[in-house]
file query.txt (compact mmCIF, C-alpha atoms)
# COMPACT_ATOMS: atom_id res chain seq x y z
CA MET A 1 120.22 103.61 72.46
CA THR A 2 118.89 106.68 74.15
CA ALA A 3 120.90 107.70 77.15
CA PHE A 4 119.00 107.99 80.39
CA SER A 5 120.11 110.66 82.79
CA THR A 6 119.50 110.19 86.49
CA TRP A 7 116.81 112.82 86.23
CA ASP A 8 115.07 110.82 83.47
CA ILE A 9 115.02 107.83 85.78
CA VAL A 10 113.65 109.79 88.72
CA SER A 11 111.02 111.65 86.70
CA ASN A 12 109.76 108.46 85.09
CA LEU A 13 109.58 106.76 88.47
CA LEU A 14 107.68 109.72 89.88
CA LEU A 15 105.20 109.59 87.02
CA ALA A 16 104.60 105.91 87.72
CA ALA A 17 104.30 106.62 91.44
CA ARG A 18 101.06 108.48 90.69
CA TRP A 19 99.48 105.11 89.95
CA THR A 20 100.81 103.72 93.21
CA VAL A 21 99.19 106.62 95.04
CA LEU A 22 95.91 106.32 93.16
CA LEU A 23 95.68 102.56 93.66
CA SER A 24 96.56 102.93 97.35
CA LEU A 25 93.86 105.55 97.85
CA LEU A 26 91.19 103.56 96.02
CA ALA A 27 92.09 100.32 97.76
CA PHE A 28 92.18 102.03 101.14
CA VAL A 29 88.77 103.64 100.65
CA GLY A 30 87.33 100.45 99.18
CA GLY A 31 88.85 98.43 101.99
CA GLY A 32 87.37 100.86 104.50
CA VAL A 33 83.84 100.52 103.08
CA VAL A 34 83.95 96.72 102.83
CA GLY A 35 85.76 96.63 106.18
CA LEU A 36 82.86 98.43 107.85
CA VAL A 37 80.44 95.82 106.52
CA VAL A 38 82.71 93.02 107.74
CA LEU A 39 83.07 94.76 111.09
CA TYR A 40 79.29 94.97 111.39
CA ALA A 41 79.03 91.24 110.72
CA ARG A 42 81.92 90.47 113.06
CA ILE A 43 80.18 92.06 116.05
CA ALA A 44 76.60 91.26 115.01
CA ARG A 45 74.20 89.55 117.39
CA ARG A 46 73.68 86.60 115.04
CA ALA A 47 76.31 83.95 115.69
CA TRP A 48 76.50 82.72 112.08
CA LEU A 49 77.26 86.25 110.85
CA ARG A 50 80.05 86.59 113.40
CA ARG A 51 81.47 83.25 112.39
CA ALA A 52 81.28 84.03 108.67
CA ALA A 53 83.07 87.36 109.19
CA GLY A 54 85.66 85.64 111.37
CA LEU A 55 86.31 83.12 108.61
CA TYR A 56 86.60 85.89 106.02
CA ILE A 57 89.16 87.72 108.14
CA GLU A 58 91.07 84.53 108.88
CA LEU A 59 91.20 83.65 105.20
CA PHE A 60 92.54 87.00 104.00
CA GLN A 61 94.93 87.49 106.89
CA GLY A 62 96.08 83.89 106.83
CA THR A 63 97.16 83.67 103.19
CA PRO A 64 99.69 85.63 101.13
CA LEU A 65 98.36 88.70 99.34
CA LEU A 66 100.15 87.51 96.21
CA MET A 67 98.06 84.31 96.17
CA GLN A 68 94.86 86.35 96.49
CA LEU A 69 96.03 88.51 93.63
CA PHE A 70 96.80 85.48 91.43
CA LEU A 71 93.49 83.79 92.24
CA ILE A 72 91.60 86.87 91.14
CA PHE A 73 93.75 87.72 88.13
CA PHE A 74 94.31 84.23 86.70
CA GLY A 75 91.33 82.49 88.27
CA LEU A 76 88.37 84.71 87.46
CA PRO A 77 88.93 84.67 83.67
CA LEU A 78 88.29 80.93 83.86
CA LEU A 79 84.78 81.78 85.03
CA GLY A 80 84.38 83.89 81.93
CA LEU A 81 85.00 87.19 83.68
CA ASP A 82 87.47 89.43 81.96
CA VAL A 83 89.72 90.94 84.59
CA SER A 84 92.18 93.70 83.76
CA PRO A 85 95.30 94.08 85.93
CA TRP A 86 93.74 97.31 87.22
CA ALA A 87 90.54 95.60 88.32
CA ALA A 88 92.34 92.60 89.79
CA ALA A 89 94.69 94.88 91.71
CA PHE A 90 91.86 97.02 93.05
CA VAL A 91 89.59 94.12 94.00
CA SER A 92 92.24 92.04 95.74
CA LEU A 93 93.76 94.95 97.63
CA THR A 94 90.26 96.07 98.69
CA LEU A 95 89.32 92.62 99.99
CA TRP A 96 92.68 92.18 101.69
CA SER A 97 92.57 95.57 103.44
CA SER A 98 88.95 95.12 104.44
CA ALA A 99 89.89 92.02 106.45
CA PHE A 100 92.70 93.82 108.27
CA LEU A 101 90.71 97.01 108.87
CA ALA A 102 87.70 95.07 110.16
CA GLU A 103 89.95 93.25 112.64
CA ILE A 104 91.67 96.48 113.74
CA TRP A 105 88.33 98.20 114.23
CA ARG A 106 86.84 95.25 116.07
CA GLY A 107 89.58 95.70 118.66
CA CYS A 108 88.65 99.37 118.96
CA VAL A 109 84.92 98.66 119.30
CA GLU A 110 85.58 96.01 121.93
CA SER A 111 87.67 98.42 123.96
CA ILE A 112 84.54 100.51 124.60
CA PRO A 113 83.28 99.67 128.09
CA LYS A 114 80.32 97.34 128.21
CA GLY A 115 78.35 99.92 130.19
CA GLN A 116 78.06 102.02 127.04
CA TRP A 117 76.24 99.17 125.28
CA GLU A 118 74.01 98.64 128.29
CA ALA A 119 73.27 102.33 128.71
CA SER A 120 72.33 102.76 125.05
CA SER A 121 70.31 99.58 125.09
CA SER A 122 68.40 100.85 128.13
CA LEU A 123 67.52 103.90 126.04
CA ALA A 124 65.72 101.51 123.68
CA MET A 125 68.23 102.03 120.90
CA SER A 126 68.45 99.37 118.22
CA PHE A 127 71.77 97.63 117.48
CA VAL A 128 72.42 99.89 114.50
CA GLU A 129 71.52 103.00 116.50
CA GLN A 130 73.82 101.91 119.31
CA LEU A 131 76.66 101.57 116.86
CA ARG A 132 75.88 104.75 115.00
CA TYR A 133 75.33 107.12 117.94
CA VAL A 134 77.22 105.62 120.86
CA ILE A 135 79.85 103.04 120.05
CA LEU A 136 81.40 104.07 116.71
CA PRO A 137 81.93 107.76 117.59
CA GLN A 138 83.90 106.72 120.64
CA SER A 139 85.86 103.92 119.03
CA MET A 140 86.73 106.09 116.02
CA ARG A 141 89.10 108.08 118.19
CA ILE A 142 91.04 105.00 119.21
CA ALA A 143 90.91 103.64 115.68
CA VAL A 144 92.69 106.51 113.94
CA PRO A 145 96.34 105.69 114.75
CA PRO A 146 96.25 101.96 113.82
CA THR A 147 94.20 102.76 110.72
CA VAL A 148 96.74 105.31 109.54
CA GLY A 149 99.44 102.77 110.38
CA PHE A 150 97.75 100.16 108.24
CA SER A 151 97.65 102.52 105.25
CA VAL A 152 101.42 101.97 105.05
CA GLN A 153 100.76 98.26 104.48
CA VAL A 154 98.37 99.15 101.67
CA VAL A 155 100.95 101.34 99.91
CA LYS A 156 103.54 98.58 100.23
CA GLY A 157 100.97 96.01 99.13
CA THR A 158 100.45 97.82 95.83
CA ALA A 159 104.01 96.83 94.86
CA LEU A 160 102.77 93.26 94.41
CA THR A 161 100.39 94.33 91.66
CA SER A 162 103.45 94.86 89.46
CA ILE A 163 103.69 91.08 89.29
CA ILE A 164 100.38 90.78 87.42
CA GLY A 165 101.50 93.52 85.07
CA PHE A 166 99.94 96.62 86.56
CA VAL A 167 102.34 99.45 85.78
CA GLU A 168 102.93 101.31 89.03
CA LEU A 169 106.16 102.30 90.74
CA SER A 170 107.67 98.81 91.06
CA LYS A 171 106.79 97.74 87.53
CA ALA A 172 108.13 101.03 86.19
CA ALA A 173 111.36 100.39 88.08
CA THR A 174 111.70 97.00 86.41
CA ILE A 175 110.95 98.47 82.97
CA ILE A 176 113.44 101.30 83.44
CA THR A 177 116.06 98.85 84.72
CA ASN A 178 115.64 96.78 81.59
CA ALA A 179 116.23 99.88 79.49
CA THR A 180 119.11 101.41 81.44
CA PHE A 181 120.87 98.42 83.06
CA GLU A 182 121.22 100.47 86.21
CA PRO A 183 119.34 98.41 88.77
CA PHE A 184 121.21 99.86 91.73
CA THR A 185 120.18 103.43 90.94
CA VAL A 186 116.66 102.62 89.75
CA TYR A 187 115.62 100.34 92.61
CA GLY A 188 117.38 102.66 95.04
CA PHE A 189 115.30 105.61 93.89
CA ALA A 190 112.14 103.49 93.79
CA ALA A 191 112.79 102.54 97.42
CA LEU A 192 113.27 106.20 98.33
CA ILE A 193 109.97 107.16 96.68
CA TYR A 194 108.15 104.43 98.61
CA PHE A 195 109.86 105.66 101.73
CA ALA A 196 108.74 109.22 101.03
CA LEU A 197 105.15 107.95 100.69
CA CYS A 198 105.13 105.63 103.70
CA TRP A 199 107.30 107.30 106.29
CA PRO A 200 105.04 110.33 106.89
CA LEU A 201 102.13 107.93 107.39
CA SER A 202 104.11 105.79 109.85
CA LYS A 203 105.29 108.84 111.75
CA SER A 204 101.86 110.45 111.98
CA SER A 205 100.42 107.17 113.19
CA GLN A 206 103.04 107.12 115.97
CA ILE A 207 102.42 110.75 116.87
CA LEU A 208 98.65 110.27 116.94
CA GLU A 209 99.08 107.24 119.16
CA ARG A 210 101.25 109.15 121.60
CA LYS A 211 98.77 112.03 121.70
CA LEU A 212 95.94 109.64 122.40
CA ASN A 213 97.86 107.94 125.19
CA VAL A 214 98.61 111.29 126.80
CA ALA A 215 94.91 112.12 126.73
CA HIS A 216 94.27 108.77 128.32
CA HIS A 217 96.62 109.37 131.23
CA HIS A 218 94.95 112.61 132.24
CA HIS A 219 91.52 111.07 132.67
CA MET B 1 79.97 80.68 84.20
CA ALA B 2 80.03 77.00 85.03
CA TYR B 3 83.54 75.97 85.93
CA SER B 4 84.32 72.42 86.83
CA PHE B 5 87.21 72.05 89.17
CA ASP B 6 89.68 69.37 88.26
CA PHE B 7 92.25 68.88 90.94
CA SER B 8 93.30 65.55 89.43
CA SER B 9 95.22 67.40 86.73
CA LEU B 10 97.56 68.47 89.51
CA ALA B 11 98.46 64.90 90.40
CA ASP B 12 101.48 64.83 88.10
CA TYR B 13 102.84 67.92 89.76
CA VAL B 14 102.87 66.74 93.36
CA PRO B 15 106.72 66.52 93.36
CA VAL B 16 106.87 70.14 92.14
CA LEU B 17 104.62 71.23 95.00
CA VAL B 18 106.59 69.20 97.53
CA LYS B 19 109.81 70.84 96.37
CA GLY B 20 108.14 74.24 96.54
CA VAL B 21 107.00 73.64 100.10
CA ALA B 22 110.49 72.40 101.05
CA ILE B 23 112.13 75.57 99.73
CA THR B 24 109.57 77.83 101.39
CA VAL B 25 110.26 75.98 104.65
CA GLU B 26 114.00 76.41 104.11
CA LEU B 27 113.54 80.14 103.44
CA ILE B 28 111.48 80.70 106.54
CA ALA B 29 113.62 78.49 108.79
CA VAL B 30 116.93 80.10 107.86
CA GLY B 31 115.48 83.57 107.31
CA GLY B 32 113.49 83.35 110.54
CA ALA B 33 116.39 82.22 112.72
CA LEU B 34 118.86 84.73 111.33
CA GLY B 35 116.25 87.50 111.17
CA VAL B 36 115.33 87.11 114.84
CA THR B 37 119.04 87.07 115.74
CA LEU B 38 119.54 90.31 113.82
CA GLY B 39 116.44 91.70 115.52
CA ILE B 40 117.86 90.89 118.96
CA ALA B 41 121.17 92.53 118.08
CA CYS B 42 119.41 95.65 116.81
CA ALA B 43 117.10 95.81 119.81
CA TRP B 44 120.17 95.62 122.04
CA ALA B 45 121.88 98.35 120.03
CA LYS B 46 118.81 100.54 120.22
CA THR B 47 118.25 100.20 123.95
CA GLN B 48 121.70 99.48 125.44
CA GLY B 49 124.19 99.92 122.65
CA PRO B 50 126.69 102.72 122.11
CA ARG B 51 125.08 106.05 121.38
CA TRP B 52 126.55 106.40 117.87
CA LEU B 53 125.00 103.11 116.82
CA ARG B 54 121.44 104.09 117.69
CA PRO B 55 120.66 106.48 114.82
CA LEU B 56 122.10 103.94 112.37
CA VAL B 57 119.83 101.18 113.66
CA GLU B 58 116.93 103.62 113.71
CA ALA B 59 117.54 104.53 110.05
CA TYR B 60 117.78 100.85 109.08
CA VAL B 61 114.54 99.98 110.83
CA GLU B 62 112.62 102.93 109.38
CA LEU B 63 113.94 102.36 105.87
CA ILE B 64 112.98 98.69 105.82
CA ARG B 65 109.60 99.14 107.46
CA ASN B 66 108.59 101.83 105.01
CA THR B 67 109.51 100.16 101.72
CA PRO B 68 107.96 97.08 100.06
CA PHE B 69 109.69 93.73 100.41
CA LEU B 70 109.60 93.32 96.63
CA ILE B 71 111.77 96.41 96.12
CA GLN B 72 114.17 95.29 98.87
CA LEU B 73 114.48 91.92 97.16
CA PHE B 74 115.03 93.43 93.70
CA PHE B 75 117.55 95.89 95.08
CA ILE B 76 119.54 93.06 96.66
CA PHE B 77 119.26 90.65 93.75
CA PHE B 78 119.56 93.02 90.77
CA GLY B 79 121.14 96.07 92.36
CA LEU B 80 123.97 94.67 94.46
CA PRO B 81 125.75 92.86 91.58
CA ALA B 82 126.15 96.31 90.00
CA ILE B 83 128.45 97.24 92.88
CA GLY B 84 130.23 93.89 92.81
CA VAL B 85 128.17 91.82 95.25
CA GLY B 86 126.79 88.92 93.26
CA LEU B 87 124.37 86.59 95.02
CA THR B 88 122.53 83.46 93.94
CA GLU B 89 118.72 83.63 93.93
CA MET B 90 118.54 81.69 97.17
CA GLN B 91 121.18 83.81 98.90
CA ALA B 92 119.46 87.00 97.80
CA ALA B 93 116.08 85.74 98.97
CA ILE B 94 117.40 84.73 102.38
CA LEU B 95 119.37 87.96 102.79
CA ALA B 96 116.29 90.02 101.91
CA MET B 97 114.16 88.07 104.39
CA VAL B 98 116.75 88.41 107.14
CA ILE B 99 117.06 92.15 106.61
CA ASN B 100 113.30 92.55 106.43
CA LEU B 101 112.47 90.43 109.48
CA GLY B 102 115.40 91.95 111.39
CA ALA B 103 113.86 95.42 111.23
CA TYR B 104 110.38 94.32 112.36
CA ALA B 105 111.76 91.95 115.00
CA CYS B 106 113.94 94.78 116.32
CA GLU B 107 110.88 96.95 117.03
CA ILE B 108 108.92 94.07 118.56
CA ILE B 109 111.80 92.94 120.81
CA ARG B 110 112.60 96.52 121.79
CA ALA B 111 109.03 96.89 123.03
CA GLY B 112 109.56 93.78 125.15
CA ILE B 113 112.81 95.15 126.57
CA GLU B 114 111.24 98.49 127.37
CA ALA B 115 108.47 96.72 129.23
CA THR B 116 111.10 95.16 131.52
CA PRO B 117 111.04 96.79 134.95
CA LYS B 118 114.08 98.94 135.70
CA GLY B 119 114.71 96.95 138.83
CA GLN B 120 115.79 94.01 136.67
CA PHE B 121 118.68 96.03 135.23
CA GLU B 122 119.63 97.26 138.70
CA ALA B 123 119.42 93.75 140.12
CA GLY B 124 121.76 92.52 137.39
CA ALA B 125 124.20 95.36 138.08
CA SER B 126 124.15 94.68 141.82
CA LEU B 127 125.21 91.09 141.08
CA ALA B 128 128.31 92.55 139.41
CA MET B 129 127.14 91.53 135.99
CA SER B 130 128.34 93.56 133.05
CA ARG B 131 125.72 95.35 131.00
CA LEU B 132 125.93 92.73 128.30
CA GLN B 133 125.63 89.93 130.86
CA THR B 134 122.62 91.61 132.42
CA PHE B 135 121.07 91.94 128.99
CA ARG B 136 121.80 88.35 128.08
CA HIS B 137 120.81 86.64 131.33
CA VAL B 138 118.32 88.95 133.00
CA VAL B 139 116.57 91.10 130.42
CA LEU B 140 116.43 89.26 127.12
CA VAL B 141 114.64 86.04 127.97
CA PRO B 142 111.68 87.58 129.83
CA ALA B 143 111.47 90.26 127.15
CA LEU B 144 111.33 87.62 124.41
CA GLN B 145 108.77 85.68 126.38
CA LYS B 146 106.49 88.73 126.53
CA ILE B 147 106.60 89.40 122.80
CA TRP B 148 106.84 85.78 121.57
CA PRO B 149 103.29 85.70 120.10
CA ALA B 150 103.86 88.98 118.24
CA LEU B 151 107.18 87.71 116.95
CA SER B 152 105.53 84.49 115.77
CA SER B 153 102.93 86.49 113.84
CA GLN B 154 105.66 88.57 112.23
CA ILE B 155 107.49 85.43 111.09
CA VAL B 156 104.27 84.20 109.49
CA ILE B 157 103.88 87.57 107.75
CA VAL B 158 107.43 87.31 106.43
CA MET B 159 106.67 83.80 105.19
CA PHE B 160 103.70 85.16 103.23
CA GLY B 161 106.03 87.83 101.89
CA SER B 162 108.42 85.13 100.70
CA ALA B 163 105.87 84.33 97.96
CA VAL B 164 107.46 87.25 96.14
CA CYS B 165 110.80 85.40 95.93
CA SER B 166 109.29 83.48 93.00
CA GLN B 167 109.93 86.68 91.04
CA ILE B 168 113.69 86.17 91.17
CA SER B 169 113.06 82.50 90.28
CA VAL B 170 113.58 80.97 93.68
CA GLU B 171 111.64 77.76 93.24
CA GLU B 172 109.46 78.07 96.30
CA LEU B 173 105.76 77.38 96.70
CA THR B 174 104.46 80.27 94.60
CA PHE B 175 106.96 79.48 91.87
CA ALA B 176 105.63 75.91 91.87
CA ALA B 177 102.05 77.18 91.59
CA ASN B 178 103.00 79.49 88.71
CA PHE B 179 104.79 76.63 86.98
CA ILE B 180 101.79 74.33 87.29
CA GLN B 181 99.47 77.09 86.13
CA SER B 182 101.54 77.72 83.04
CA ARG B 183 101.64 74.00 82.20
CA THR B 184 98.05 73.00 82.90
CA PHE B 185 96.17 76.31 82.61
CA ARG B 186 94.45 75.22 85.80
CA ALA B 187 94.91 78.56 87.55
CA PHE B 188 92.21 78.12 90.20
CA GLU B 189 93.33 74.67 91.21
CA ALA B 190 97.03 75.53 91.30
CA TYR B 191 96.61 78.69 93.35
CA ILE B 192 93.96 77.25 95.65
CA VAL B 193 96.25 74.34 96.49
CA ALA B 194 99.18 76.71 97.06
CA THR B 195 97.01 78.98 99.23
CA VAL B 196 95.86 76.05 101.34
CA LEU B 197 99.48 74.92 101.71
CA TYR B 198 100.40 78.42 102.91
CA LEU B 199 97.57 78.23 105.45
CA VAL B 200 98.91 74.88 106.68
CA LEU B 201 102.48 76.24 106.80
CA ALA B 202 101.29 79.23 108.82
CA VAL B 203 99.70 76.91 111.38
CA LEU B 204 102.89 74.84 111.50
CA VAL B 205 105.12 77.89 111.96
CA ARG B 206 102.96 78.99 114.89
CA GLN B 207 103.14 75.51 116.42
CA VAL B 208 106.91 75.36 116.04
CA MET B 209 107.24 78.81 117.60
CA ARG B 210 105.02 77.70 120.49
CA GLY B 211 107.21 74.62 120.89
CA ILE B 212 110.39 76.69 120.94
CA GLY B 213 108.77 79.03 123.43
CA ALA B 214 107.87 76.13 125.72
CA LEU B 215 111.46 74.87 125.55
CA VAL B 216 113.27 78.17 126.00
CA PHE B 217 111.15 79.99 128.51
CA PRO B 218 111.06 78.67 132.06
CA ARG B 219 107.54 78.32 133.32
CA ARG B 220 106.63 81.10 135.68
CA SER B 221 106.29 79.89 139.24
CA VAL B 222 104.90 83.20 140.50
CA ALA B 223 101.46 84.32 139.50
CA ARG B 224 101.52 87.61 137.69
call {"tool": "encode", "arguments": {"input": "query.txt", "output": "structure tokens"}}
result
Amino acid sequence: MTAFSTWDIVSNLLLAARWTVLLSLLAFVGGGVVGLVVLYARIARRAWLRRAAGLYIELFQGTPLLMQLFLIFFGLPLLGLDVSPWAAAFVSLTLWSSAFLAEIWRGCVESIPKGQWEASSSLAMSFVEQLRYVILPQSMRIAVPPTVGFSVQVVKGTALTSIIGFVELSKAATIITNATFEPFTVYGFAALIYFALCWPLSKSSQILERKLNVAHHHH
Amino acid sequence: MAYSFDFSSLADYVPVLVKGVAITVELIAVGGALGVTLGIACAWAKTQGPRWLRPLVEAYVELIRNTPFLIQLFFIFFGLPAIGVGLTEMQAAILAMVINLGAYACEIIRAGIEATPKGQFEAGASLAMSRLQTFRHVVLVPALQKIWPALSSQIVIVMFGSAVCSQISVEELTFAANFIQSRTFRAFEAYIVATVLYLVLAVLVRQVMRGIGALVFPRRSVAR
């Protein structure tokens, strides 16, 4: 048996962590794009669109991410679609984050005073123009801290993809544990790497929030 | 593309699902109660506790909130035996849930405590209550009442997280769904049923929390 030094363990975990980072980034961007579409539907003028978006959000927020992952990974092949762990991981994390981001952003859009809608509407702007030029630029400012905060959930969510066999940090930790029989060290280091990824995001979200609140008080 | 759903193939496995639901309920009931208790203790330590305790609680909360539940669970179940602490699957799952919920509950409850007007603390002190008595009788209950909905949501989130406990072969709902899937190859049906059951459980957890809230918190007689 090859002996694993602590450094071997850490370096292998770090190599696998690249996939965690990549998947998190892709899912976050994908979730952001789909989330914008869902947001648009959620605040649309047509009632059925609002209701459909509400249902979508409810469904993804109201069920475990692991179930969504399983449905896509084990379910879709039954429809004849070949789904790799990569694709299943990306698709389910994207859909899941889009629901949360849409709901976060809806809160931000709704915090914009009604007068802004009325003012822009009195300038004969269409709904899309109102959003594009008046509402979104203002709500974006409020949206930054909770959005950054949510990115932590996405990074942590990627750990679940190890269960369908996607080799990222958590899966690598399991593989290395099976080779070294040192679960305490391996999972300990894996936890520290996750912490190193997530903590700066959590902290910057807090700092941004405080900054924003300060700006608010001086108005 | 055509897929015909066949939920009848699940009929034989109803007892498996029932057992799965029962264990998920057990996990969330025990984990929820102990987790909230730990959260209250930590929130006390963070706001009123001795100064040396605060950085420790802070480190605990930050560490747990910034690592995935799966890794926490694996560390407890696979890692702790290496240093002589052996746990059964169920014990490990409950311990992981308590530690996880404790950290989130701590932050939520702390926010409630910090929203308590300072006069409440002073009023307690002027009635010759000790700091702990003031905390227990004057501060805690209104603080909990303020954050009860947020706490309920967090418990539901932790319940969804408990799906991961299937990975250390705790035979909860997800484990049941996996089992049925592997026996019948009816992946869609098995996971859809499990997902719906999770939805129902989430509604139930919220109802129970609302019920507890109605019991514990005195109705306000003064308009806010």
call {"tool": "closest_atom_pairs", "arguments": {"input": "query.txt", "of": "chain A", "to": "chain B", "cutoff": "7 Å", "atoms": "only C-alpha atoms", "output": "CSV"}}
result
residue,atom,partner,partner_atom,distance
A:Gly62,CA,B:Leu199,CA,6.0
A:Thr63,CA,B:Leu199,CA,5.9
A:Pro64,CA,B:Phe160,CA,4.6
A:Leu66,CA,B:Ala163,CA,6.8
A:Met67,CA,B:Thr195,CA,6.2
A:Leu71,CA,B:Tyr191,CA,6.1
A:Phe74,CA,B:Ala187,CA,5.8
A:Gly75,CA,B:Phe188,CA,4.9
A:Leu79,CA,B:Met1,CA,5.0
A:Gly80,CA,B:Met1,CA,5.9
A:Lys156,CA,B:Pro68,CA,4.7
A:Ala159,CA,B:Pro68,CA,6.5
A:Ser170,CA,B:Ile71,CA,6.9
A:Pro183,CA,B:Gly79,CA,4.6
A:Phe184,CA,B:Gly79,CA,3.8
A:Tyr187,CA,B:Phe75,CA,5.4
A:Gly188,CA,B:Phe75,CA,6.8
A:Ala191,CA,B:Thr67,CA,5.9
A:Tyr194,CA,B:Thr67,CA,5.5
A:Phe195,CA,B:Asn66,CA,5.2
A:Cys198,CA,B:Asn66,CA,5.3
A:Trp199,CA,B:Asn66,CA,5.8
call {"tool": "closest_residue", "arguments": {"input": "query.txt", "among": "B:Thr37, B:Thr134, B:Ser182, B:Ser169", "to": "Ala105 (chain B)", "atoms": "all atoms listed in the file"}}
result
B:Thr37
call {"tool": "axis_aligned_box", "arguments": {"input": "query.txt", "around": "region 68-75 of chain B", "padding_each_side": "5 Å", "output": "AutoDock Vina command-line options"}}
result
--center_x 112.8 --center_y 94.5 --center_z 97.1 --size_x 19.6 --size_y 15.2 --size_z 16.7
call {"tool": "atom_distance", "arguments": {"input": "query.txt", "atom1": "CA of Ile164 (chain A)", "atom2": "CA of Glu89 (chain B)"}}
result
20.7 Å
call {"tool": "residues_around", "arguments": {"input": "query.txt", "residues": "region 145-153 of chain B", "least_positions_apart": "3", "cutoff": "8 Å", "atoms": "only C-alpha atoms", "output": "ChimeraX atom specification"}}
result
/B:105,108-109,111-112,141-142,156-157,205-206,209,213,217
call {"tool": "residues_around", "arguments": {"input": "query.txt", "residues": "Ala190 (chain A)", "least_positions_apart": "3", "cutoff": "7 Å", "atoms": "only C-alpha atoms", "output": "list of chain:residue names"}}
result
A:Leu13, A:Leu169, A:Ala173, A:Val186, A:Tyr187, A:Ile193, A:Tyr194
call {"tool": "residues_around", "arguments": {"input": "query.txt", "residues": "region 27-37 of chain A", "least_positions_apart": "5", "cutoff": "7 Å", "atoms": "all atoms listed in the file", "output": "JSON, numbers by chain"}}
result
{"A": [90, 93, 94, 95, 97, 98, 99, 101, 102, 151, 154]}
call {"tool": "write_last_selection", "arguments": {"input": "query.txt", "atoms": "C-alpha atoms", "output": "mmCIF file, in the frame of the given file"}}
result
data_model
loop_
_atom_site.group_PDB
_atom_site.id
_atom_site.type_symbol
_atom_site.label_atom_id
_atom_site.label_comp_id
_atom_site.auth_asym_id
_atom_site.auth_seq_id
_atom_site.Cartn_x
_atom_site.Cartn_y
_atom_site.Cartn_z
ATOM 1 C CA PHE A 90 91.860 97.020 93.050
ATOM 2 C CA LEU A 93 93.760 94.950 97.630
ATOM 3 C CA THR A 94 90.260 96.070 98.690
ATOM 4 C CA LEU A 95 89.320 92.620 99.990
ATOM 5 C CA SER A 97 92.570 95.570 103.440
ATOM 6 C CA SER A 98 88.950 95.120 104.440
ATOM 7 C CA ALA A 99 89.890 92.020 106.450
ATOM 8 C CA LEU A 101 90.710 97.010 108.870
ATOM 9 C CA ALA A 102 87.700 95.070 110.160
ATOM 10 C CA SER A 151 97.650 102.520 105.250
ATOM 11 C CA VAL A 154 98.370 99.150 101.670
#
call {"tool": "closest_residue", "arguments": {"input": "query.txt", "among": "A:Arg106, A:Lys171, A:Lys211, A:Arg141", "to": "Arg50 (chain A)", "atoms": "only C-alpha atoms"}}
result
A:Arg106
call {"tool": "closest_residue", "arguments": {"input": "query.txt", "among": "B:Gly39, B:Gly20, B:Pro55, B:Gly124", "to": "Arg110 (chain B)", "atoms": "only C-alpha atoms"}}
result
B:Gly39
call {"tool": "build_atoms", "arguments": {"input": "query.txt", "residues": "region 188-199 of chain A", "atoms": "N, CA and C atoms", "output": "PDB file, in the frame of the given file"}}
result
ATOM      1  N   GLY A 188     117.078 101.763  93.917  1.00  0.00           N
ATOM      2  CA  GLY A 188     117.380 102.660  95.040  1.00  0.00           C
ATOM      3  C   GLY A 188     116.424 103.839  95.081  1.00  0.00           C
ATOM      4  N   PHE A 189     116.221 104.472  93.922  1.00  0.00           N
ATOM      5  CA  PHE A 189     115.300 105.610  93.890  1.00  0.00           C
ATOM      6  C   PHE A 189     113.860 105.160  94.130  1.00  0.00           C
ATOM      7  N   ALA A 190     113.507 104.001  93.558  1.00  0.00           N
ATOM      8  CA  ALA A 190     112.140 103.490  93.790  1.00  0.00           C
ATOM      9  C   ALA A 190     111.911 103.309  95.288  1.00  0.00           C
ATOM     10  N   ALA A 191     112.916 102.745  95.973  1.00  0.00           N
ATOM     11  CA  ALA A 191     112.790 102.540  97.420  1.00  0.00           C
ATOM     12  C   ALA A 191     112.617 103.890  98.123  1.00  0.00           C
ATOM     13  N   LEU A 192     113.380 104.894  97.681  1.00  0.00           N
ATOM     14  CA  LEU A 192     113.270 106.200  98.330  1.00  0.00           C
ATOM     15  C   LEU A 192     111.885 106.820  98.119  1.00  0.00           C
ATOM     16  N   ILE A 193     111.311 106.612  96.921  1.00  0.00           N
ATOM     17  CA  ILE A 193     109.970 107.160  96.680  1.00  0.00           C
ATOM     18  C   ILE A 193     108.946 106.477  97.586  1.00  0.00           C
ATOM     19  N   TYR A 194     109.047 105.135  97.677  1.00  0.00           N
ATOM     20  CA  TYR A 194     108.150 104.430  98.610  1.00  0.00           C
ATOM     21  C   TYR A 194     108.331 104.961 100.022  1.00  0.00           C
ATOM     22  N   PHE A 195     109.589 105.166 100.378  1.00  0.00           N
ATOM     23  CA  PHE A 195     109.860 105.660 101.730  1.00  0.00           C
ATOM     24  C   PHE A 195     109.210 107.019 101.945  1.00  0.00           C
ATOM     25  N   ALA A 196     109.319 107.880 100.930  1.00  0.00           N
ATOM     26  CA  ALA A 196     108.740 109.220 101.030  1.00  0.00           C
ATOM     27  C   ALA A 196     107.218 109.153 101.160  1.00  0.00           C
ATOM     28  N   LEU A 197     106.604 108.111 100.576  1.00  0.00           N
ATOM     29  CA  LEU A 197     105.150 107.950 100.690  1.00  0.00           C
ATOM     30  C   LEU A 197     104.773 107.385 102.060  1.00  0.00           C
ATOM     31  N   CYS A 198     105.544 106.408 102.520  1.00  0.00           N
ATOM     32  CA  CYS A 198     105.130 105.630 103.700  1.00  0.00           C
ATOM     33  C   CYS A 198     105.563 106.264 105.017  1.00  0.00           C
ATOM     34  N   TRP A 199     106.749 106.842 105.019  1.00  0.00           N
ATOM     35  CA  TRP A 199     107.300 107.300 106.290  1.00  0.00           C
ATOM     36  C   TRP A 199     106.427 108.348 106.975  1.00  0.00           C
TER      37      TRP A 199
END
